[in-house]
Amino acid sequence: MRLVVEFTQHGRYLDKPWEGEIRAEKGVHKAISPSLAMHLINQGRAIAVFEEDGTPRTVYDSEDFNKQMERKQ
């Protein structure tokens with residue numbers, strides 16, 4: 001499971017070493033691991049994205065949220 005966050009600043013982050021680097025632009029939504037999400041939220045570098053019912057938006061590892069977002073833009 002991954003959490004969807006909105007980045008509040010530009011940056012490069014390493015979520016899982018085997019997945020490579022994440023390049024983030026301010027305002028972009030990405031699905032990342034819960035541990036990196038909490039780290040970035042605590043540092044003020046990202047904010048959590050919530051569903052309409054108030055629960056955090058999550059994506060299963062088998063879903064490719066990041067590629068879906070690229071296609072929509």
# chains A, B, ... in the order shown; residues from 1 in each chain; ligands from 1
$ select_by_dssp --residues "chain A" --states "alpha helix (DSSP H)" --output "VMD selection string"
chain A and resid 34 to 43 65 to 72
$ residues_around --residues "A:Asp15" --least-positions-apart "3" --cutoff "8 Å" --atoms "only C-alpha atoms" --output "ChimeraX atom specification"
/A:19-22,32-33,36
$ write_last_selection --atoms "all heavy atoms" --output "JSON list (two decimals), in the first residue's frame"
[["chain", "number", "residue", "atom", "x", "y", "z"],
["A", 19, "GLU", "N", 13.60, 1.09, -6.42],
["A", 19, "GLU", "CA", 12.68, 1.78, -7.33],
["A", 19, "GLU", "C", 13.29, 3.04, -7.94],
["A", 19, "GLU", "O", 12.74, 3.61, -8.87],
["A", 19, "GLU", "CB", 11.38, 2.14, -6.60],
["A", 19, "GLU", "CG", 10.54, 0.95, -6.26],
["A", 19, "GLU", "CD", 9.24, 1.34, -5.60],
["A", 19, "GLU", "OE1", 9.01, 2.55, -5.33],
["A", 19, "GLU", "OE2", 8.43, 0.44, -5.34],
["A", 20, "GLY", "N", 14.38, 3.49, -7.42],
["A", 20, "GLY", "CA", 15.01, 4.69, -7.95],
["A", 20, "GLY", "C", 14.51, 5.96, -7.30],
["A", 20, "GLY", "O", 13.69, 5.96, -6.40],
["A", 21, "GLU", "N", 15.02, 7.05, -7.80],
["A", 21, "GLU", "CA", 14.75, 8.37, -7.25],
["A", 21, "GLU", "C", 13.39, 8.91, -7.69],
["A", 21, "GLU", "O", 12.95, 8.68, -8.81],
["A", 21, "GLU", "CB", 15.85, 9.29, -7.75],
["A", 21, "GLU", "CG", 15.83, 10.67, -7.19],
["A", 21, "GLU", "CD", 17.00, 11.47, -7.73],
["A", 21, "GLU", "OE1", 16.91, 11.93, -8.89],
["A", 21, "GLU", "OE2", 17.98, 11.62, -7.01],
["A", 22, "ILE", "N", 12.75, 9.64, -6.79],
["A", 22, "ILE", "CA", 11.49, 10.31, -7.10],
["A", 22, "ILE", "C", 11.82, 11.80, -7.29],
["A", 22, "ILE", "O", 12.41, 12.42, -6.41],
["A", 22, "ILE", "CB", 10.47, 10.18, -5.95],
["A", 22, "ILE", "CG1", 10.08, 8.74, -5.74],
["A", 22, "ILE", "CG2", 9.25, 11.04, -6.21],
["A", 22, "ILE", "CD1", 9.23, 8.52, -4.51],
["A", 32, "ILE", "N", 3.48, 7.25, -2.67],
["A", 32, "ILE", "CA", 4.77, 6.87, -2.08],
["A", 32, "ILE", "C", 4.54, 6.00, -0.86],
["A", 32, "ILE", "O", 3.41, 5.87, -0.37],
["A", 32, "ILE", "CB", 5.60, 8.12, -1.72],
["A", 32, "ILE", "CG1", 4.87, 9.01, -0.72],
["A", 32, "ILE", "CG2", 5.96, 8.91, -2.98],
["A", 32, "ILE", "CD1", 5.66, 10.22, -0.25],
["A", 33, "SER", "N", 5.62, 5.41, -0.35],
["A", 33, "SER", "CA", 5.49, 4.53, 0.81],
["A", 33, "SER", "C", 5.02, 5.33, 2.03],
["A", 33, "SER", "O", 5.30, 6.53, 2.15],
["A", 33, "SER", "CB", 6.83, 3.86, 1.12],
["A", 33, "SER", "OG", 7.75, 4.81, 1.63],
["A", 36, "LEU", "N", 7.96, 7.16, 3.91],
["A", 36, "LEU", "CA", 8.45, 8.39, 3.28],
["A", 36, "LEU", "C", 7.38, 9.48, 3.38],
["A", 36, "LEU", "O", 7.70, 10.65, 3.62],
["A", 36, "LEU", "CB", 8.84, 8.14, 1.82],
["A", 36, "LEU", "CG", 9.34, 9.38, 1.07],
["A", 36, "LEU", "CD1", 10.58, 9.97, 1.73],
["A", 36, "LEU", "CD2", 9.62, 9.04, -0.38]]
$ closest_residue --among "A:Tyr13, A:Lys26, A:Pro34, A:Thr8" --to "A:Val59" --atoms "only C-alpha atoms"
A:Pro34
$ residues_around --residues "A:Arg45" --least-positions-apart "2" --cutoff "9 Å" --atoms "only C-alpha atoms" --output "ChimeraX atom specification"
/A:6-11,39-43,47
$ atom_distance --atom1 "atom CA of A:Leu14" --atom2 "atom CA of A:Gly27"
18.4 Å
$ select_by_dssp --residues "chain A" --states "strand (DSSP E)" --output "PyMOL selection string"
chain A and resi 2-7+11-14+21-24+29-32+46-48+58-59
$ closest_residue --among "A:Pro17, A:Ala24, A:Gly44, A:His29" --to "A:Thr58" --atoms "only C-alpha atoms"
A:His29
$ atom_distance --atom1 "atom CA of A:Phe50" --atom2 "atom CA of A:Ser35"
17.1 Å
$ atom_distance --atom1 "atom CA of A:Lys16" --atom2 "atom CA of A:Val28"
19.2 Å
$ residues_around --residues "A:Ala31" --least-positions-apart "2" --cutoff "10 Å" --atoms "only C-alpha atoms" --output "VMD selection string"
chain A and resid 1 to 6 29 33 to 34 37 49 57 to 61 63 to 66
$ write_last_selection --atoms "C-alpha atoms" --output "compact mmCIF listing (two decimals), in the first residue's frame"
# COMPACT_ATOMS: atom_id res chain seq x y z
CA MET A 1 0.00 0.00 0.00
CA ARG A 2 1.14 3.54 -0.77
CA LEU A 3 -0.18 6.91 0.34
CA VAL A 4 -0.91 9.74 -2.06
CA VAL A 5 0.72 13.05 -1.16
CA GLU A 6 0.93 16.46 -2.76
CA HIS A 29 0.42 14.20 -6.51
CA SER A 33 5.49 4.53 0.81
CA PRO A 34 3.83 5.37 4.15
CA ALA A 37 5.03 10.10 3.31
CA VAL A 49 -4.35 13.82 -0.03
CA ARG A 57 -6.05 8.34 -0.28
CA THR A 58 -4.19 5.05 -0.66
CA VAL A 59 -3.15 2.96 -3.63
CA TYR A 60 -2.23 -0.70 -3.68
CA ASP A 61 1.26 -1.60 -4.87
CA GLU A 63 -1.85 -0.15 -9.11
CA ASP A 64 0.27 2.33 -11.04
CA PHE A 65 -1.08 5.63 -9.74
CA ASN A 66 1.87 7.74 -10.93
$ decode --residues "chain A" --atoms "C-alpha atoms" --output "compact mmCIF listing (two decimals), in the first residue's frame"
# COMPACT_ATOMS: atom_id res chain seq x y z
CA MET A 1 0.00 0.00 0.00
CA ARG A 2 1.14 3.54 -0.77
CA LEU A 3 -0.18 6.91 0.34
CA VAL A 4 -0.91 9.74 -2.06
CA VAL A 5 0.72 13.05 -1.16
CA GLU A 6 0.93 16.46 -2.76
CA PHE A 7 4.43 17.89 -2.72
CA THR A 8 4.74 21.43 -1.36
CA GLN A 9 8.21 22.02 -2.80
CA HIS A 10 10.49 20.76 -5.53
CA GLY A 11 12.93 18.01 -4.61
CA ARG A 12 14.44 14.61 -5.22
CA TYR A 13 13.70 11.78 -2.80
CA LEU A 14 14.59 8.13 -2.44
CA ASP A 15 11.56 6.05 -1.44
CA LYS A 16 12.81 2.50 -1.96
CA PRO A 17 16.36 2.00 -3.25
CA TRP A 18 15.29 -0.58 -5.83
CA GLU A 19 12.68 1.78 -7.33
CA GLY A 20 15.01 4.69 -7.95
CA GLU A 21 14.75 8.37 -7.25
CA ILE A 22 11.49 10.31 -7.10
CA ARG A 23 11.59 13.76 -8.67
CA ALA A 24 8.89 15.94 -7.22
CA GLU A 25 7.47 19.22 -8.45
CA LYS A 26 5.45 21.51 -6.22
CA GLY A 27 1.71 20.70 -6.42
CA VAL A 28 2.18 17.25 -8.01
CA HIS A 29 0.42 14.20 -6.51
CA LYS A 30 2.44 10.99 -6.17
CA ALA A 31 1.89 7.65 -4.45
CA ILE A 32 4.77 6.87 -2.08
CA SER A 33 5.49 4.53 0.81
CA PRO A 34 3.83 5.37 4.15
CA SER A 35 7.22 5.83 5.84
CA LEU A 36 8.45 8.39 3.28
CA ALA A 37 5.03 10.10 3.31
CA MET A 38 5.15 10.58 7.09
CA HIS A 39 8.75 11.80 6.92
CA LEU A 40 7.94 14.40 4.24
CA ILE A 41 4.69 15.49 5.94
CA ASN A 42 6.53 16.01 9.25
CA GLN A 43 9.15 18.12 7.44
CA GLY A 44 6.48 20.17 5.66
CA ARG A 45 7.62 19.01 2.23
CA ALA A 46 4.31 17.28 1.41
CA ILE A 47 0.68 17.16 2.51
CA ALA A 48 -1.59 14.15 2.58
CA VAL A 49 -4.35 13.82 -0.03
CA PHE A 50 -7.73 12.79 1.39
CA GLU A 51 -10.78 11.10 -0.09
CA GLU A 52 -14.22 12.73 0.13
CA ASP A 53 -15.00 10.69 3.26
CA GLY A 54 -11.95 12.10 5.07
CA THR A 55 -9.72 9.03 4.85
CA PRO A 56 -6.22 9.30 3.39
CA ARG A 57 -6.05 8.34 -0.28
CA THR A 58 -4.19 5.05 -0.66
CA VAL A 59 -3.15 2.96 -3.63
CA TYR A 60 -2.23 -0.70 -3.68
CA ASP A 61 1.26 -1.60 -4.87
CA SER A 62 -0.22 -3.40 -7.89
CA GLU A 63 -1.85 -0.15 -9.11
CA ASP A 64 0.27 2.33 -11.04
CA PHE A 65 -1.08 5.63 -9.74
CA ASN A 66 1.87 7.74 -10.93
CA LYS A 67 1.52 6.63 -14.58
CA GLN A 68 -2.27 7.21 -14.44
CA MET A 69 -1.65 10.79 -13.32
CA GLU A 70 0.85 11.39 -16.14
CA ARG A 71 -1.71 10.23 -18.75
CA LYS A 72 -4.43 12.56 -17.39
CA GLN A 73 -2.27 15.68 -17.67
